[in-house]
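Novice: Quick one: the structure is below, and I'll ask about it shortly.
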Amino acid sequence: MSTNDIRAYMPKGDLISLLILAVLILVVFPLSMDIFRLNLVGKYLTYAFVAIGLVLCWGYGGILSLGQGVFFGLGGYCMAMFLKLEASSPEATKIQSTPGIPDFMDWNQITELPWFWEPFYSFPFTILAVLIVPTIFAYIIGAAMFKRRVGGVYFAIITQAVASILTVLIIGQQGYTGGVNGITDLRTLLGWDIRTDSAKFILYFVNAGLLIGCLLIAQYIRKSKLGRLLVAMREREDRVRFSGYDVSDFKIFVFCIGAMFSAIGGAMFTLQVGFMSPSFVGIVPSIEMVIFCAVGGRLSIFGAVYGALLVNWSKTTFSESFPELWLFAMGALFIGVVMAFPSGLAGLYKQHIGPRIRNTLATIRRDYLASRANAKSQSFATD
Amino acid sequence: MKRKDFVLAVEGLTVSFDGFKAVNDLSFYVEEEEIRVIIGPNGAGKTTVLDLICGKTKSTHGSIKFRGKELTKMTEHAIVNEGIGRKFQNPSIYEDLTVFENLEISFPRGHSVFGALVFKRDAEVIAAVEEVAETIFLADSLDKTAGLLSHGQKQWLEIGMLLIQKPDLLMLDEPVAGMSVAERKQTAQLLNRITKNRSVIVIEHDMQFVEDIAHRVTVLHQGKMLSEGSMQKVKSDPKVVEVYLGH
Amino acid sequence: MFSDYTSTELVSIFAMQGFAGLILFSVFVLMALGLAIIFGQMGVINMAHGEFMILGAYVTYLLSNLFETHMPALFSIYFFVAMIVAFFAAGALGALVEWGLIRHLYRRPLDTLLATWGLSLILQQTYRTVFGAREVGVSLPDWLMGSIPLTDIIEIPINGLFVMGLTLTIAVSVYFLMFKSRWGGQVRAVVQNRPMAGAVGINTEKTDRITFALGCGIAGVAGSAFTMIGSTGPSSGQLYIVDTFLVVVFGGAQSLLGTIASAFTISQAQSTMEFFLSGSMAKVLTLLTVVGILMLRPQGLFALKIRH
């Protein structure tokens, strides 16, 4: 790619946003927080993956999915299954009536590892599954709906129903899934203890690196013709169709990308937090993920990261000090962001803070230039 | 005339909505480089005919052949890629994008998901966009957000979006509706210029405009063909005078 | 799963589970009617609909306590009073919400969905603060208890019959209100052409408000019925919202008869399967079937045509 191309895909403003965010995540947070808080931030950032995907789907494509928890959960469960198998070696589980299988299976009188657990002994398979299983699932839902031109609220409701079904299924089949408690007591990744402080520190950076990777992919999509097509589709779907595009293909693509991002977030959640449960899959977490995106600004991939950080940080703070107020605050947030701040933090920045910074910078620059010109004329004078 | 000289052959076309036949056993043929104008009172089924040709509505019976290829079972985008462009009645453009981006999206390359991801704004694209922008009087507004254009300019932009596709058959639904007199004149010039080397179907109410551009006229009434021929012939057809021109 | 039973036993099981599903059916119909009126007529998605239902349930609970302690003589009729009060309480809240929130969001269906979700969180927390987190139940008057024996095995629960009768009455009244009354004509006029309806002298704002309030009021009545099949807690409504949306969509959003048929199908499928499978698997299978069918027939099972 030539420099011109790079500039087209990463304009100056976006580059600055990305750098600020990268410094914040990679330098400021790690330096200013203890490992407990940093791990917490790492957890919040796993939701940012979902929020970035939602910016592309919802902000750009106009496709509101209320079931992103499904993909977050699928990614998270794939990783959790691998870690659980590693934690369930025959030696570690010899007190069970069937050693060598996960403890919750043993509690549920299951005596043999189910077939779909078998491949998760392999780490490469697990990585592939994290990326591919949710994407295929998204493809099936997307193809079924978009090829039949179902969109808008119908799509939102169907995705919500899928989230609800998957939660009930996971909770109901506790012998295979760990039920309502989820898959817990995860210990090592390929022999490396993920519960130690140093592991948490490293995982934080892995997570941050992946997040920046996803941001770059999202930025590329956003700035490619596909990004402009998504905007065009959101406005005039028919016009795009009659310009010779198969609109459904683009919707399926962006929905699958959103699913894959969510799944990466889910897998990193499992690694950093040490468990995965249906409480991150269902209707409530899925719609909360939408609010992360909305608070950040539904058209800003960088805003989405701040939205995820801010909402989750407030949630932790509020629920620690005033648990009964949290739902009120969350409810007010949903209403407020829709009624008063439809473009979220990014919109506020763009309208109020951005221009001010630019003005200040312009003034500084002008003063600087003026003083330099002064200095120059003085130096001429002395010549 | 031999059948294969027809660009478009519509035969026995019928569509019914809940038993109401919006288009009823309609047949007509469009030749190479012909400008065909469809007129008729409101509710005659004019727009529905365009919808049927471009695949927006599926027919109940009948056939639509474009250069010998049956269109009735094809999807919209496949029909477009065969070489048919359609302008909607109300200007249908992407208001949040710039004029340049509006035209660029319609440029016939990179129409698959992968193609759109790797699409590059190279010299060929820029040249094509600039050429079309020149034609539609918008060369100075390429970086303007399309939502800020005047109504007439939006109409032109949509026509430009079709031109850049280089269609063999262009279908325009009321291209001068809502335009000022000056804009109408400019549009008539525009149409005369862009209809070289392609066939055009136009729906229009403005009779002066129709006389200016039409090679042949088809008059629809209640979904059926009432009359067809030159403007002179149609004008003097007593059936047409009764239902339409007499008003 | 059927092989362990004889055919007569199977018939009886189906019949019994069918009658047992009557209340679920009624709750579905009433909830879905409210949603369908609001969604079909106004294009607004009300995610807080479950909380309006729960308001009705709490009203019923309060009145049952009130009658039990202060007017035990009238206890046998409290349920009728409760339904009426539930209707007006939920309806009044609905009118308030329409005025404060919904009217600012017309034609932004995805946004109403998020805003009303926020509302549902606030209502849930309010219920938790006022009524406590513990689930509450109501006691039924004697005449609603028990069942009518039909054969040796099949028994019809009286409360189920009563609630279903009531539901059908409400459904029929709504039908007449929407399609035969002058007011219904106004609502439909507003749906089809808002500026024109306004121009011919229909107060569109008032029509919207009453429509929304009516939908919420019916949800309140659903809440009264709900107290007979489950205990009432601050977040009980949330469990029903997805099912109810599926009922509406499955039935074809515009069709009253479709809504009733789809509520019947879904509630009966779930109730029957619950006998053979665990409750959660019955729900999974039912919802999965519905979603599967909707993917093949997005216009709903009972809608005649699809409009683009």
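All residue names refer to the structure tokens as shown: chains lettered A, B, ... in order, residues numbered from 1 in each chain, ligands numbered from 1 in order.
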Do you know which residues are at most 12 Å from stretch 118-129 of chain B counting only C-alpha atoms, after dropping those on the same chain fewer than 3 positions away, and could you put them as a ChimeraX atom specification?
Specialist: /A:1-2,4-6,8-9,220-221,223-229 /B:99-115,132-136,138-139,141-143,157,160-166
Novice: Tell me which protein, DNA and RNA residues are within 8 Å of A:Leu169, counting only C-alpha atoms, leaving out same-chain ones fewer than 4 positions away, and put them as a PyMOL selection string.
Specialist: (chain A and resi 165+173) or (chain C and resi 280-281+284)
Novice: Counting only C-alpha atoms, which residues in chain A sit no more than 8 Å from chain B? For each one, give the nearest pair of atoms and the distance in Å, sorted by chain then residue number, as JSON lines.
Specialist:
{"residue": "A:Ile221", "atom": "CA", "partner": "B:Leu117", "partner_atom": "CA", "distance": 6.7}
{"residue": "A:Ser224", "atom": "CA", "partner": "B:Leu117", "partner_atom": "CA", "distance": 5.7}
{"residue": "A:Lys225", "atom": "CA", "partner": "B:Ala116", "partner_atom": "CA", "distance": 5.3}
{"residue": "A:Leu226", "atom": "CA", "partner": "B:Ala116", "partner_atom": "CA", "distance": 5.0}
{"residue": "A:Arg228", "atom": "CA", "partner": "B:Leu97", "partner_atom": "CA", "distance": 7.6}
{"residue": "A:Leu229", "atom": "CA", "partner": "B:Ile105", "partner_atom": "CA", "distance": 7.0}
{"residue": "A:Val231", "atom": "CA", "partner": "B:Asp96", "partner_atom": "CA", "distance": 7.6}
{"residue": "A:Ala232", "atom": "CA", "partner": "B:Tyr94", "partner_atom": "CA", "distance": 5.5}
{"residue": "A:Glu235", "atom": "CA", "partner": "B:Tyr94", "partner_atom": "CA", "distance": 6.3}
{"residue": "A:Arg236", "atom": "CA", "partner": "B:Tyr94", "partner_atom": "CA", "distance": 6.6}
{"residue": "A:Arg239", "atom": "CA", "partner": "B:Ser92", "partner_atom": "CA", "distance": 6.4}
{"residue": "A:Arg241", "atom": "CA", "partner": "B:His77", "partner_atom": "CA", "distance": 5.6}
{"residue": "A:Phe242", "atom": "CA", "partner": "B:His77", "partner_atom": "CA", "distance": 5.9}
{"residue": "A:Ser243", "atom": "CA", "partner": "B:Ser106", "partner_atom": "CA", "distance": 5.5}
{"residue": "A:Gly244", "atom": "CA", "partner": "B:His77", "partner_atom": "CA", "distance": 4.1}
{"residue": "A:Tyr245", "atom": "CA", "partner": "B:His77", "partner_atom": "CA", "distance": 5.3}
{"residue": "A:Asp246", "atom": "CA", "partner": "B:His77", "partner_atom": "CA", "distance": 5.9}
{"residue": "A:Asp249", "atom": "CA", "partner": "B:Val113", "partner_atom": "CA", "distance": 6.8}
{"residue": "A:Phe250", "atom": "CA", "partner": "B:Val113", "partner_atom": "CA", "distance": 6.0}
{"residue": "A:Phe253", "atom": "CA", "partner": "B:Val113", "partner_atom": "CA", "distance": 7.4}
Novice: Would you mind exporting the chosen residues as an mmCIF file, in the first residue's frame, restricted to N, CA and C atoms?
Specialist:
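The resulting selection20.cif:
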data_model
loop_
_atom_site.group_PDB
_atom_site.id
_atom_site.type_symbol
_atom_site.label_atom_id
_atom_site.label_comp_id
_atom_site.auth_asym_id
_atom_site.auth_seq_id
_atom_site.Cartn_x
_atom_site.Cartn_y
_atom_site.Cartn_z
ATOM 1 N N ILE A 221 -12.567 -1.807 7.166
ATOM 2 C CA ILE A 221 -13.901 -2.063 6.595
ATOM 3 C C ILE A 221 -14.674 -0.762 6.447
ATOM 4 N N SER A 224 -13.322 1.296 3.625
ATOM 5 C CA SER A 224 -13.359 0.693 2.295
ATOM 6 C C SER A 224 -14.699 1.029 1.649
ATOM 7 N N LYS A 225 -14.833 0.651 0.404
ATOM 8 C CA LYS A 225 -16.120 0.904 -0.247
ATOM 9 C C LYS A 225 -17.230 0.162 0.477
ATOM 10 N N LEU A 226 -16.888 -0.978 1.103
ATOM 11 C CA LEU A 226 -17.914 -1.731 1.813
ATOM 12 C C LEU A 226 -18.533 -0.896 2.930
ATOM 13 N N ARG A 228 -18.864 2.362 2.980
ATOM 14 C CA ARG A 228 -19.781 3.346 2.385
ATOM 15 C C ARG A 228 -21.053 2.658 1.897
ATOM 16 N N LEU A 229 -20.884 1.417 1.421
ATOM 17 C CA LEU A 229 -22.069 0.669 0.979
ATOM 18 C C LEU A 229 -23.011 0.396 2.140
ATOM 19 N N VAL A 231 -23.490 2.246 4.762
ATOM 20 C CA VAL A 231 -24.231 3.489 5.006
ATOM 21 C C VAL A 231 -25.311 3.661 3.937
ATOM 22 N N ALA A 232 -24.917 3.396 2.687
ATOM 23 C CA ALA A 232 -25.872 3.540 1.589
ATOM 24 C C ALA A 232 -27.053 2.599 1.776
ATOM 25 N N GLU A 235 -29.542 3.718 4.332
ATOM 26 C CA GLU A 235 -30.412 4.810 3.890
ATOM 27 C C GLU A 235 -31.385 4.376 2.801
ATOM 28 N N ARG A 236 -30.854 3.725 1.767
ATOM 29 C CA ARG A 236 -31.650 3.416 0.578
ATOM 30 C C ARG A 236 -31.310 2.021 0.109
ATOM 31 N N ARG A 239 -32.026 1.365 -3.608
ATOM 32 C CA ARG A 239 -31.107 1.989 -4.556
ATOM 33 C C ARG A 239 -29.844 1.135 -4.710
ATOM 34 N N ARG A 241 -29.563 -2.038 -4.193
ATOM 35 C CA ARG A 241 -29.945 -3.232 -4.936
ATOM 36 C C ARG A 241 -29.995 -2.927 -6.430
ATOM 37 N N PHE A 242 -30.566 -1.768 -6.776
ATOM 38 C CA PHE A 242 -30.694 -1.430 -8.192
ATOM 39 C C PHE A 242 -29.433 -0.770 -8.738
ATOM 40 N N SER A 243 -28.385 -0.712 -7.919
ATOM 41 C CA SER A 243 -27.084 -0.391 -8.487
ATOM 42 C C SER A 243 -26.319 -1.686 -8.737
ATOM 43 N N GLY A 244 -26.970 -2.819 -8.558
ATOM 44 C CA GLY A 244 -26.374 -4.098 -8.921
ATOM 45 C C GLY A 244 -25.682 -4.832 -7.796
ATOM 46 N N TYR A 245 -26.064 -4.558 -6.536
ATOM 47 C CA TYR A 245 -25.450 -5.268 -5.421
ATOM 48 C C TYR A 245 -26.451 -6.251 -4.826
ATOM 49 N N ASP A 246 -25.915 -7.391 -4.357
ATOM 50 C CA ASP A 246 -26.757 -8.297 -3.588
ATOM 51 C C ASP A 246 -26.670 -7.858 -2.124
ATOM 52 N N ASP A 249 -25.866 -10.217 0.920
ATOM 53 C CA ASP A 249 -24.487 -10.675 1.123
ATOM 54 C C ASP A 249 -23.718 -9.735 2.042
ATOM 55 N N PHE A 250 -23.935 -8.432 1.852
ATOM 56 C CA PHE A 250 -23.196 -7.459 2.650
ATOM 57 C C PHE A 250 -23.677 -7.475 4.096
ATOM 58 N N PHE A 253 -22.264 -10.525 5.715
ATOM 59 C CA PHE A 253 -20.843 -10.344 5.985
ATOM 60 C C PHE A 253 -20.631 -9.542 7.262
#
Novice: Kindly assemble as a Markdown table a list of the chain B residues that lie within 10 Å of chain C, each paired with its nearest atom pair and their distance in Å to one decimal, using only C-alpha atoms, sorted first by chain and then by ascending residue number.
Specialist:
| residue | atom | partner | partner_atom | distance |
| --- | --- | --- | --- | --- |
| B:Phe17 | CA | C:Lys305 | CA | 9.5 |
| B:Asp18 | CA | C:Lys305 | CA | 8.7 |
| B:Lys56 | CA | C:His308 | CA | 9.2 |
| B:Thr57 | CA | C:His308 | CA | 9.3 |
Novice: Restricting it to C-alpha atoms, dump the selection as a compact mmCIF listing (two decimals), in the first residue's frame.
Specialist:
# COMPACT_ATOMS: atom_id res chain seq x y z
CA PHE B 17 -52.37 -7.81 -5.97
CA ASP B 18 -55.09 -9.60 -4.02
CA LYS B 56 -38.88 -5.18 -7.70
CA THR B 57 -42.28 -6.80 -8.18
Novice: Pull the strand (DSSP E) assignments for stretch 53-184 of chain C out of DSSP run on the backbone, and list those residues as a list in words.
Specialist: Ser147, Ile148, Pro149, Glu155, Ile156 and Pro157 of chain C
Novice: Could you tell me which of A:Lys12, A:Lys251, A:Arg222, A:Arg358 comes closest to A:Met145 if we count only C-alpha atoms?
Specialist: A:Lys251
Novice: Between C:Met196, C:Leu114, C:Val191, C:Leu161, which has the minimum distance to chain A (counting only C-alpha atoms)?
Specialist: C:Leu114
Novice: For C:Val130, work out the shell of residues within 12 Å, counting only C-alpha atoms and skipping chain neighbours fewer than 2 positions away, then give it as a short mmCIF file (atom, residue, chain, number, x, y, z; two decimals) with N, CA and C atoms, in the first residue's frame.
Specialist:
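What ended up in part.cif:
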data_model
loop_
_atom_site.label_atom_id
_atom_site.label_comp_id
_atom_site.auth_asym_id
_atom_site.auth_seq_id
_atom_site.Cartn_x
_atom_site.Cartn_y
_atom_site.Cartn_z
N GLU A 324 -28.86 -0.88 44.66
CA GLU A 324 -30.28 -0.70 44.28
C GLU A 324 -30.43 0.42 43.26
N LEU C 55 -47.31 -5.07 36.69
CA LEU C 55 -48.04 -4.07 37.45
C LEU C 55 -49.45 -4.58 37.74
N TYR C 58 -49.26 -7.16 40.45
CA TYR C 58 -49.10 -6.58 41.79
C TYR C 58 -50.42 -5.95 42.26
N LEU C 62 -52.28 -6.90 45.66
CA LEU C 62 -52.66 -5.93 46.69
C LEU C 62 -54.14 -6.04 47.01
N LEU C 123 -38.70 0.22 35.91
CA LEU C 123 -39.92 -0.31 36.54
C LEU C 123 -39.58 -1.51 37.43
N GLN C 124 -38.70 -2.38 36.93
CA GLN C 124 -38.34 -3.55 37.74
C GLN C 124 -37.75 -3.13 39.08
N GLN C 125 -36.85 -2.14 39.02
CA GLN C 125 -36.21 -1.71 40.26
C GLN C 125 -37.22 -1.03 41.17
N THR C 126 -38.18 -0.31 40.55
CA THR C 126 -39.23 0.31 41.36
C THR C 126 -40.04 -0.76 42.09
N TYR C 127 -40.42 -1.82 41.36
CA TYR C 127 -41.18 -2.90 42.00
C TYR C 127 -40.37 -3.51 43.14
N ARG C 128 -39.07 -3.67 42.89
CA ARG C 128 -38.22 -4.29 43.90
C ARG C 128 -38.18 -3.41 45.14
N GLY C 132 -40.47 -5.39 47.38
CA GLY C 132 -39.44 -6.32 47.83
C GLY C 132 -39.07 -7.29 46.73
N ALA C 133 -37.92 -7.93 46.92
CA ALA C 133 -37.41 -8.81 45.87
C ALA C 133 -38.10 -10.17 45.89
N ARG C 134 -38.73 -10.50 47.02
CA ARG C 134 -39.35 -11.81 47.16
C ARG C 134 -40.59 -11.90 46.26
N GLY C 233 -42.94 -11.59 40.81
CA GLY C 233 -41.71 -10.97 41.30
C GLY C 233 -41.35 -9.80 40.43
N PRO C 234 -40.40 -8.99 40.87
CA PRO C 234 -40.07 -7.77 40.11
C PRO C 234 -39.68 -8.05 38.66
#
Novice: Can you check which residues of chain A have any atom within 7 Å of chain C? Use only C-alpha atoms and format it as JSON, numbers by chain.
Specialist: {"A": [144, 145, 150, 153, 158, 161, 165, 168, 169, 172, 327, 328, 330, 331, 332, 334, 335, 338]}
Novice: Could you work out how far atom CA of A:Leu131 lies from atom CA of A:Phe72, giving the answer in Å with one decimal?
Specialist: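 Distance between the two atoms: 10.7 Å.
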Novice: Pick out each residue of stretch 81-308 of chain A that DSSP on the backbone tags as helix (DSSP H, G or I); I need them as a VMD selection string.
Specialist: chain A and resid 81 to 87 103 to 107 115 to 121 123 to 146 152 to 172 174 to 177 179 to 181 197 to 223 225 to 235 237 to 241 247 to 273 278 to 280 283 to 296 301 to 308
Novice: Got a sec: who's within 9 Å of B:Glu11, counting only C-alpha atoms, leaving out chain neighbours fewer than 2 positions off, as JSON, numbers by chain?
Specialist: {"B": [9, 13, 25, 26, 27, 28, 29, 62, 63, 64, 65]}
Novice: Would you write out those residues with N, CA and C atoms, as a short mmCIF file (atom, residue, chain, number, x, y, z; two decimals), in the first residue's frame?
Specialist:
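Dumped to again_34.cif:
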data_model
loop_
_atom_site.label_atom_id
_atom_site.label_comp_id
_atom_site.auth_asym_id
_atom_site.auth_seq_id
_atom_site.Cartn_x
_atom_site.Cartn_y
_atom_site.Cartn_z
N ALA B 9 -38.58 -7.21 -24.84
CA ALA B 9 -39.85 -7.74 -25.32
C ALA B 9 -40.69 -8.13 -24.12
N LEU B 13 -47.82 -9.68 -20.00
CA LEU B 13 -47.43 -9.42 -18.61
C LEU B 13 -48.65 -9.09 -17.75
N ASP B 25 -52.22 -8.31 -18.93
CA ASP B 25 -51.95 -8.82 -20.26
C ASP B 25 -51.31 -7.77 -21.17
N LEU B 26 -50.22 -7.22 -20.68
CA LEU B 26 -49.57 -6.13 -21.40
C LEU B 26 -48.44 -6.68 -22.27
N SER B 27 -48.39 -6.22 -23.53
CA SER B 27 -47.28 -6.58 -24.41
C SER B 27 -46.76 -5.32 -25.08
N PHE B 28 -45.44 -5.15 -25.10
CA PHE B 28 -44.85 -4.10 -25.92
C PHE B 28 -43.37 -4.43 -26.16
N TYR B 29 -42.83 -3.77 -27.16
CA TYR B 29 -41.45 -4.07 -27.57
C TYR B 29 -40.67 -2.78 -27.68
N GLY B 62 -46.82 -14.10 -17.72
CA GLY B 62 -46.19 -13.35 -18.80
C GLY B 62 -44.68 -13.41 -18.76
N SER B 63 -44.08 -12.80 -19.78
CA SER B 63 -42.63 -12.86 -19.85
C SER B 63 -42.05 -11.50 -20.17
N ILE B 64 -40.83 -11.26 -19.68
CA ILE B 64 -40.08 -10.05 -19.99
C ILE B 64 -38.73 -10.53 -20.49
N LYS B 65 -38.45 -10.28 -21.76
CA LYS B 65 -37.16 -10.74 -22.28
C LYS B 65 -36.30 -9.54 -22.62
#
